[in-house]
Amino acid sequence: ESLLFTRVNKDTQALPISIEDWEQKARELLPDGPFDYIAGGSGAEETLVANRSAFSKWSIVPRMLRDVSQRSLRIELFGQQLKTPLFLAPVGMQAIAHPDGELATARAAAAAGVPMVVSTVSAHTLEQIAETMDDAPRWFQLYWSNDREVCASMVKRAEAAGYSAIVLTVDTVMLGWKRRDFRNGYSPLREGKGLANYLSDPVFCSRLSEVTPGNAVEEVLRNIYHPTLNWSDIEFLRQHTSLPILVKGILHPDDAKIAVERGVDGIIVSNHGGRQLDGAISTLDSLPAIADAVDGRIPVLLDSGIRTGADVVKAIALGASAVLIGRPFMFGLAVAGEKGVASVLDTLINELDVSVALSGSNSVADLNRSILFRS
Ligand code: FNR
């Protein structure tokens with residue numbers, strides 16, 4: 001049965017198909033503040049644009065006559081079997097897109113078998129999100145805190161709630177310069193939309209003179225951007241968890257080497273979706289040198305700009321073990337809640353399957369640079 005046939009019969013016709021269509025629908029439905037916050041980048045948005053154009057610089061040179069009837073998108077990461085090489089990137093404050101926020105996303109992710117990386121600044125607590133997922137795979141993304149004991153506490157809670165890896169985001173030592181948000185006067189963090197994990201944290205709350213959302217916002221703002229963050233903080237994290245630790249936001253091959261030397265378990269090549277340093281290299285452009293520097297010693301994941309199945313093929317062929325998507329699922333969430341996230345995932349997974357087959361491969365593990373041409 002052809003995929004096209006199933007799609008038409010699945011009553012998906014009313015829902016958008018491409019990520020661009022989802023984005024367009026989200027723009028129609030959301031007020032400017034939340035839409036621009038989600039879709040926008042920092043500065044002149046050069047990196048936001050570069051993240052996409054980098055994919056157009058590579059073409060797939062497919063192989064033929066290879067019997068691609070027995071395909072699998074499965075991968076193994078940190079001993080865990082995963083259905084596909086797709087992850088949902090950590091995205092904070094998802095209630096700005098849909099009232100169910102992370103809970104809707106978590107249900108869709110669990111149903112698809114796509115791991116969700118839950119953000120520190122979620123609108124629901126990490127425990128509430130975990131409860132909706134049964135034993136579906138999930139990781140926890142940590143924003144460092146000036147108070148290391150708050151980090152230790154959140155990591156312990158994540159372990160207890162069944163999260164199987166910790167992602168430390170390292171590219172937010174200051175908040176990126178977001179012109180669209182300045183124009184709209186919009187700051188969901190300041191409005192208290194991402195406090196759930198803080199207000200439910202005993203160590204964090206013990207630091208407040210009085211536990212009120214207003215006090216919590218001020219304390220979070222004092223904590224979350226953390227210019228002193230450095231490699232010794234990773235050692236502290238290592239002492240407080242036995243879970244795999246990934247650093248998210250690596251772009252330089254020398255940093256990738258240091259990460260390996262420091263005993264980090266995985267790297268996420270990311271420029272935060274073009275939301276932090278404008279003018280930064282696109283992630284696809286930085287991937288080959290990082291993959292060479294790491295040389296297979298630890299997994300290298302990538303995000304920022306993935307929008308199609310072919311994008312996933314290119315990233316994996318250039319050395320990524322898996323990829324994460326951010327805005328695409330947020331547009332789905334904004335338009336149709338859980339159903340929207342499910343549909344975006346369904347589209348990407350099916351597109352990936354077709355792209356792997358038409359590239360002449362039976363599995364994502366077979367993809368390598370021999371099928372890529374840089375124009
Ligand atoms: C993010 N991102 C992010 N990253 C992180 O580590 N913690 C977070 O809380 C957030 N929050 C967040 C909010 C919104 C609205 C967006 C769009 C992004 C970055 C995210 O994890 C990822 O790096 C990018 O979204 C990937 O790029 P694409 O797929 O959006 O192009």
# chains A, B, ... in the order shown; residues from 1 in each chain; ligands from 1
call {"tool": "residues_near_ligand", "arguments": {"ligand": "ligand 1", "cutoff": "8 Å", "atoms": "only C-alpha atoms and all ligand atoms", "output": "PyMOL selection string"}}
result
chain A and resi 37-40+48+51+89-94+119-122+141-143+167-169+248-249+270-275+303-307+324-328+330
call {"tool": "select_by_dssp", "arguments": {"residues": "segment 161-197 of chain A", "states": "helix (DSSP H, G or I)", "output": "MDAnalysis selection string"}}
result
chainID A and resid 179:184 196:197
call {"tool": "write_last_selection", "arguments": {"atoms": "N, CA, C and O atoms", "output": "PDB file, in the first residue's frame"}}
result
ATOM      1  N   ARG A 179      15.390  40.811  18.407  1.00  0.00           N
ATOM      2  CA  ARG A 179      14.733  42.064  18.006  1.00  0.00           C
ATOM      3  C   ARG A 179      13.210  41.940  17.953  1.00  0.00           C
ATOM      4  O   ARG A 179      12.498  42.855  18.336  1.00  0.00           O
ATOM      5  N   ARG A 180      12.729  40.804  17.450  1.00  0.00           N
ATOM      6  CA  ARG A 180      11.267  40.670  17.322  1.00  0.00           C
ATOM      7  C   ARG A 180      10.602  40.781  18.693  1.00  0.00           C
ATOM      8  O   ARG A 180       9.544  41.385  18.836  1.00  0.00           O
ATOM      9  N   ASP A 181      11.238  40.173  19.705  1.00  0.00           N
ATOM     10  CA  ASP A 181      10.645  40.211  21.044  1.00  0.00           C
ATOM     11  C   ASP A 181      10.691  41.623  21.615  1.00  0.00           C
ATOM     12  O   ASP A 181       9.775  42.044  22.333  1.00  0.00           O
ATOM     13  N   PHE A 182      11.759  42.365  21.282  1.00  0.00           N
ATOM     14  CA  PHE A 182      11.825  43.767  21.737  1.00  0.00           C
ATOM     15  C   PHE A 182      10.667  44.558  21.124  1.00  0.00           C
ATOM     16  O   PHE A 182       9.965  45.294  21.799  1.00  0.00           O
ATOM     17  N   ARG A 183      10.478  44.365  19.816  1.00  0.00           N
ATOM     18  CA  ARG A 183       9.399  45.104  19.135  1.00  0.00           C
ATOM     19  C   ARG A 183       8.047  44.770  19.742  1.00  0.00           C
ATOM     20  O   ARG A 183       7.207  45.644  19.929  1.00  0.00           O
ATOM     21  N   ASN A 184       7.844  43.487  20.028  1.00  0.00           N
ATOM     22  CA  ASN A 184       6.539  43.064  20.558  1.00  0.00           C
ATOM     23  C   ASN A 184       6.427  43.285  22.064  1.00  0.00           C
ATOM     24  O   ASN A 184       5.357  43.101  22.634  1.00  0.00           O
ATOM     25  N   ALA A 196       7.319  26.150  36.305  1.00  0.00           N
ATOM     26  CA  ALA A 196       6.811  24.947  36.989  1.00  0.00           C
ATOM     27  C   ALA A 196       7.912  24.148  37.691  1.00  0.00           C
ATOM     28  O   ALA A 196       7.743  23.753  38.853  1.00  0.00           O
ATOM     29  N   ASN A 197       9.029  23.918  36.997  1.00  0.00           N
ATOM     30  CA  ASN A 197      10.083  23.101  37.619  1.00  0.00           C
ATOM     31  C   ASN A 197      10.762  23.805  38.786  1.00  0.00           C
ATOM     32  O   ASN A 197      11.284  23.154  39.700  1.00  0.00           O
TER      33      ASN A 197
END
call {"tool": "closest_residue", "arguments": {"among": "A:Ser153, A:Thr347, A:Gln70, A:Ser375", "to": "His240 of chain A", "atoms": "only C-alpha atoms"}}
result
A:Ser153
call {"tool": "residues_around", "arguments": {"residues": "Val61 of chain A", "least_positions_apart": "6", "cutoff": "7 Å", "atoms": "only C-alpha atoms", "output": "list in words"}}
result
Ile371, Leu372 and Phe373 of chain A
call {"tool": "write_last_selection", "arguments": {"atoms": "all heavy atoms", "output": "PDB file, in the first residue's frame"}}
result
ATOM      1  N   ILE A 371      27.352   9.434  -0.326  1.00  0.00           N
ATOM      2  CA  ILE A 371      26.147   9.773  -1.096  1.00  0.00           C
ATOM      3  C   ILE A 371      25.869  11.279  -1.085  1.00  0.00           C
ATOM      4  O   ILE A 371      24.757  11.704  -1.393  1.00  0.00           O
ATOM      5  CB  ILE A 371      24.889   9.009  -0.606  1.00  0.00           C
ATOM      6  CG1 ILE A 371      24.612   9.291   0.873  1.00  0.00           C
ATOM      7  CG2 ILE A 371      25.013   7.511  -0.880  1.00  0.00           C
ATOM      8  CD1 ILE A 371      23.157   9.081   1.282  1.00  0.00           C
ATOM      9  N   LEU A 372      26.843  12.088  -0.688  1.00  0.00           N
ATOM     10  CA  LEU A 372      26.610  13.536  -0.661  1.00  0.00           C
ATOM     11  C   LEU A 372      27.543  14.265  -1.618  1.00  0.00           C
ATOM     12  O   LEU A 372      28.700  13.882  -1.793  1.00  0.00           O
ATOM     13  CB  LEU A 372      26.812  14.088   0.750  1.00  0.00           C
ATOM     14  CG  LEU A 372      25.744  13.734   1.796  1.00  0.00           C
ATOM     15  CD1 LEU A 372      25.987  14.529   3.055  1.00  0.00           C
ATOM     16  CD2 LEU A 372      24.335  13.984   1.282  1.00  0.00           C
ATOM     17  N   PHE A 373      27.011  15.305  -2.221  1.00  0.00           N
ATOM     18  CA  PHE A 373      27.785  16.168  -3.113  1.00  0.00           C
ATOM     19  C   PHE A 373      27.594  17.607  -2.633  1.00  0.00           C
ATOM     20  O   PHE A 373      26.456  18.045  -2.440  1.00  0.00           O
ATOM     21  CB  PHE A 373      27.294  16.033  -4.551  1.00  0.00           C
ATOM     22  CG  PHE A 373      27.909  17.032  -5.496  1.00  0.00           C
ATOM     23  CD1 PHE A 373      29.212  16.873  -5.952  1.00  0.00           C
ATOM     24  CD2 PHE A 373      27.174  18.141  -5.921  1.00  0.00           C
ATOM     25  CE1 PHE A 373      29.782  17.808  -6.822  1.00  0.00           C
ATOM     26  CE2 PHE A 373      27.730  19.076  -6.795  1.00  0.00           C
ATOM     27  CZ  PHE A 373      29.035  18.901  -7.244  1.00  0.00           C
TER      28      PHE A 373
END
call {"tool": "atom_distance", "arguments": {"atom1": "atom CA of Ala111 of chain A", "atom2": "atom CA of Gln80 of chain A"}}
result
16.9 Å
call {"tool": "closest_residue", "arguments": {"among": "A:Asp265, A:Ala165, A:Asn146, A:Pro299", "to": "Arg222 of chain A", "atoms": "only C-alpha atoms"}}
result
A:Asn146
call {"tool": "residues_around", "arguments": {"residues": "His226 of chain A", "least_positions_apart": "2", "cutoff": "9 Å", "atoms": "only C-alpha atoms", "output": "PyMOL selection string"}}
result
chain A and resi 143-146+172-174+222-224+228-229
call {"tool": "closest_residue", "arguments": {"among": "A:Gly360, A:Gly332, A:Gly79, A:Gly263", "to": "Ser164 of chain A", "atoms": "only C-alpha atoms"}}
result
A:Gly79
call {"tool": "residues_around", "arguments": {"residues": "Thr47 of chain A", "least_positions_apart": "6", "cutoff": "7 Å", "atoms": "only C-alpha atoms", "output": "mmCIF file with N, CA and C atoms, in the first residue's frame"}}
result
data_model
loop_
_atom_site.group_PDB
_atom_site.id
_atom_site.type_symbol
_atom_site.label_atom_id
_atom_site.label_comp_id
_atom_site.auth_asym_id
_atom_site.auth_seq_id
_atom_site.Cartn_x
_atom_site.Cartn_y
_atom_site.Cartn_z
ATOM 1 N N GLY A 274 19.398 29.311 15.753
ATOM 2 C CA GLY A 274 19.647 30.705 15.344
ATOM 3 C C GLY A 274 19.072 31.710 16.314
ATOM 4 N N ASP A 278 23.865 35.518 16.733
ATOM 5 C CA ASP A 278 23.639 35.735 15.306
ATOM 6 C C ASP A 278 24.996 35.903 14.630
ATOM 7 N N GLY A 279 25.122 35.345 13.426
ATOM 8 C CA GLY A 279 26.417 35.333 12.749
ATOM 9 C C GLY A 279 27.157 34.029 13.001
ATOM 10 N N ALA A 280 26.608 33.194 13.877
ATOM 11 C CA ALA A 280 27.253 31.902 14.145
ATOM 12 C C ALA A 280 27.114 30.992 12.927
ATOM 13 N N ILE A 281 28.034 30.064 12.813
ATOM 14 C CA ILE A 281 28.038 29.078 11.733
ATOM 15 C C ILE A 281 26.752 28.239 11.793
ATOM 16 N N SER A 282 26.267 27.832 10.636
ATOM 17 C CA SER A 282 25.117 26.921 10.612
ATOM 18 C C SER A 282 25.569 25.569 11.163
#
call {"tool": "select_by_dssp", "arguments": {"residues": "segment 137-216 of chain A", "states": "strand (DSSP E)", "output": "PyMOL selection string"}}
result
chain A and resi 138-142+166-169
call {"tool": "closest_residue", "arguments": {"among": "A:Ser56, A:Ser209, A:Ser361, A:Thr84", "to": "Gly113 of chain A", "atoms": "only C-alpha atoms"}}
result
A:Thr84
call {"tool": "closest_residue", "arguments": {"among": "A:Val294, A:Val354, A:Leu88, A:Ala158", "to": "Met116 of chain A", "atoms": "only C-alpha atoms"}}
result
A:Leu88
call {"tool": "decode", "arguments": {"residues": "segment 57-71 of chain A", "atoms": "all heavy atoms", "output": "compact mmCIF listing (two decimals), in the first residue's frame"}}
result
# COMPACT_ATOMS: atom_id res chain seq x y z
N LYS A 57 23.05 23.44 0.25
CA LYS A 57 24.39 23.35 -0.34
C LYS A 57 24.82 21.90 -0.55
O LYS A 57 25.80 21.62 -1.24
CB LYS A 57 25.42 24.07 0.55
CG LYS A 57 25.29 25.59 0.48
CD LYS A 57 26.43 26.27 1.21
CE LYS A 57 26.04 26.63 2.62
NZ LYS A 57 27.09 27.16 3.46
N TRP A 58 24.12 20.98 0.09
CA TRP A 58 24.45 19.56 -0.08
C TRP A 58 23.34 18.88 -0.88
O TRP A 58 22.16 19.11 -0.63
CB TRP A 58 24.55 18.86 1.28
CG TRP A 58 25.74 19.27 2.09
CD1 TRP A 58 25.78 20.21 3.05
CD2 TRP A 58 27.06 18.73 2.00
NE1 TRP A 58 27.04 20.30 3.59
CE2 TRP A 58 27.85 19.40 2.96
CE3 TRP A 58 27.66 17.74 1.20
CZ2 TRP A 58 29.20 19.11 3.15
CZ3 TRP A 58 29.00 17.46 1.40
CH2 TRP A 58 29.77 18.14 2.36
N SER A 59 23.74 18.05 -1.82
CA SER A 59 22.76 17.24 -2.56
C SER A 59 23.04 15.77 -2.29
O SER A 59 24.19 15.37 -2.12
CB SER A 59 22.88 17.49 -4.06
OG SER A 59 22.75 18.87 -4.32
N ILE A 60 21.96 15.00 -2.31
CA ILE A 60 22.11 13.55 -2.15
C ILE A 60 22.36 12.94 -3.52
O ILE A 60 21.69 13.28 -4.49
CB ILE A 60 20.84 12.94 -1.51
CG1 ILE A 60 20.57 13.58 -0.14
CG2 ILE A 60 20.97 11.42 -1.39
CD1 ILE A 60 19.20 13.28 0.43
N VAL A 61 23.36 12.09 -3.61
CA VAL A 61 23.64 11.38 -4.86
C VAL A 61 23.22 9.93 -4.62
O VAL A 61 23.99 9.13 -4.06
CB VAL A 61 25.14 11.45 -5.22
CG1 VAL A 61 25.38 10.92 -6.63
CG2 VAL A 61 25.66 12.89 -5.09
N PRO A 62 22.00 9.60 -4.97
CA PRO A 62 21.43 8.31 -4.53
C PRO A 62 22.05 7.12 -5.25
O PRO A 62 22.52 7.23 -6.38
CB PRO A 62 19.94 8.45 -4.89
CG PRO A 62 19.90 9.45 -6.01
CD PRO A 62 21.04 10.40 -5.78
N ARG A 63 22.04 5.99 -4.58
CA ARG A 63 22.49 4.72 -5.16
C ARG A 63 21.27 3.91 -5.59
O ARG A 63 20.21 4.01 -4.99
CB ARG A 63 23.32 3.92 -4.14
CG ARG A 63 24.54 4.66 -3.64
CD ARG A 63 25.54 4.94 -4.75
NE ARG A 63 25.94 3.75 -5.47
CZ ARG A 63 26.98 3.00 -5.14
NH1 ARG A 63 27.73 3.31 -4.08
NH2 ARG A 63 27.29 1.93 -5.84
N MET A 64 21.44 3.11 -6.64
CA MET A 64 20.33 2.37 -7.25
C MET A 64 20.55 0.86 -7.18
O MET A 64 21.64 0.40 -6.90
CB MET A 64 20.19 2.78 -8.73
CG MET A 64 19.93 4.26 -8.96
SD MET A 64 18.34 4.77 -8.26
CE MET A 64 18.70 6.48 -7.87
N LEU A 65 19.49 0.12 -7.46
CA LEU A 65 19.54 -1.34 -7.60
C LEU A 65 20.10 -2.01 -6.36
O LEU A 65 21.01 -2.83 -6.41
CB LEU A 65 20.39 -1.70 -8.84
CG LEU A 65 19.80 -1.19 -10.17
CD1 LEU A 65 20.88 -1.03 -11.22
CD2 LEU A 65 18.71 -2.14 -10.66
N ARG A 66 19.57 -1.63 -5.21
CA ARG A 66 20.15 -2.14 -3.97
C ARG A 66 19.16 -2.87 -3.09
O ARG A 66 19.44 -3.08 -1.91
CB ARG A 66 20.73 -0.96 -3.18
CG ARG A 66 21.99 -0.40 -3.83
CD ARG A 66 22.55 0.65 -2.93
NE ARG A 66 23.99 0.59 -2.90
CZ ARG A 66 24.73 1.24 -2.01
NH1 ARG A 66 24.15 1.96 -1.08
NH2 ARG A 66 26.03 1.15 -2.04
N ASP A 67 18.01 -3.24 -3.61
CA ASP A 67 16.95 -3.90 -2.82
C ASP A 67 16.74 -3.21 -1.47
O ASP A 67 17.36 -3.58 -0.47
CB ASP A 67 17.26 -5.39 -2.60
CG ASP A 67 16.11 -6.07 -1.85
OD1 ASP A 67 15.14 -5.38 -1.45
OD2 ASP A 67 16.19 -7.30 -1.65
N VAL A 68 15.88 -2.24 -1.48
CA VAL A 68 15.62 -1.49 -0.24
C VAL A 68 14.27 -1.89 0.38
O VAL A 68 13.58 -1.08 1.00
CB VAL A 68 15.71 0.03 -0.47
CG1 VAL A 68 17.14 0.45 -0.75
CG2 VAL A 68 14.79 0.48 -1.60
N SER A 69 13.92 -3.16 0.20
CA SER A 69 12.61 -3.60 0.70
C SER A 69 12.60 -3.83 2.21
O SER A 69 11.55 -3.78 2.84
CB SER A 69 12.19 -4.88 -0.02
OG SER A 69 13.17 -5.88 0.20
N GLN A 70 13.74 -4.12 2.79
CA GLN A 70 13.79 -4.44 4.24
C GLN A 70 14.41 -3.28 5.00
O GLN A 70 15.56 -3.32 5.38
CB GLN A 70 14.63 -5.71 4.48
CG GLN A 70 14.19 -6.91 3.70
CD GLN A 70 12.80 -7.38 4.12
OE1 GLN A 70 12.49 -7.42 5.31
NE2 GLN A 70 11.95 -7.69 3.15
N ARG A 71 13.62 -2.24 5.20
CA ARG A 71 14.21 -1.04 5.79
C ARG A 71 13.92 -0.91 7.28
O ARG A 71 12.92 -1.39 7.77
CB ARG A 71 13.66 0.21 5.10
CG ARG A 71 14.09 0.36 3.67
CD ARG A 71 13.61 1.67 3.13
NE ARG A 71 12.19 1.92 3.40
CZ ARG A 71 11.21 1.33 2.75
NH1 ARG A 71 11.47 0.45 1.82
NH2 ARG A 71 9.96 1.62 3.06
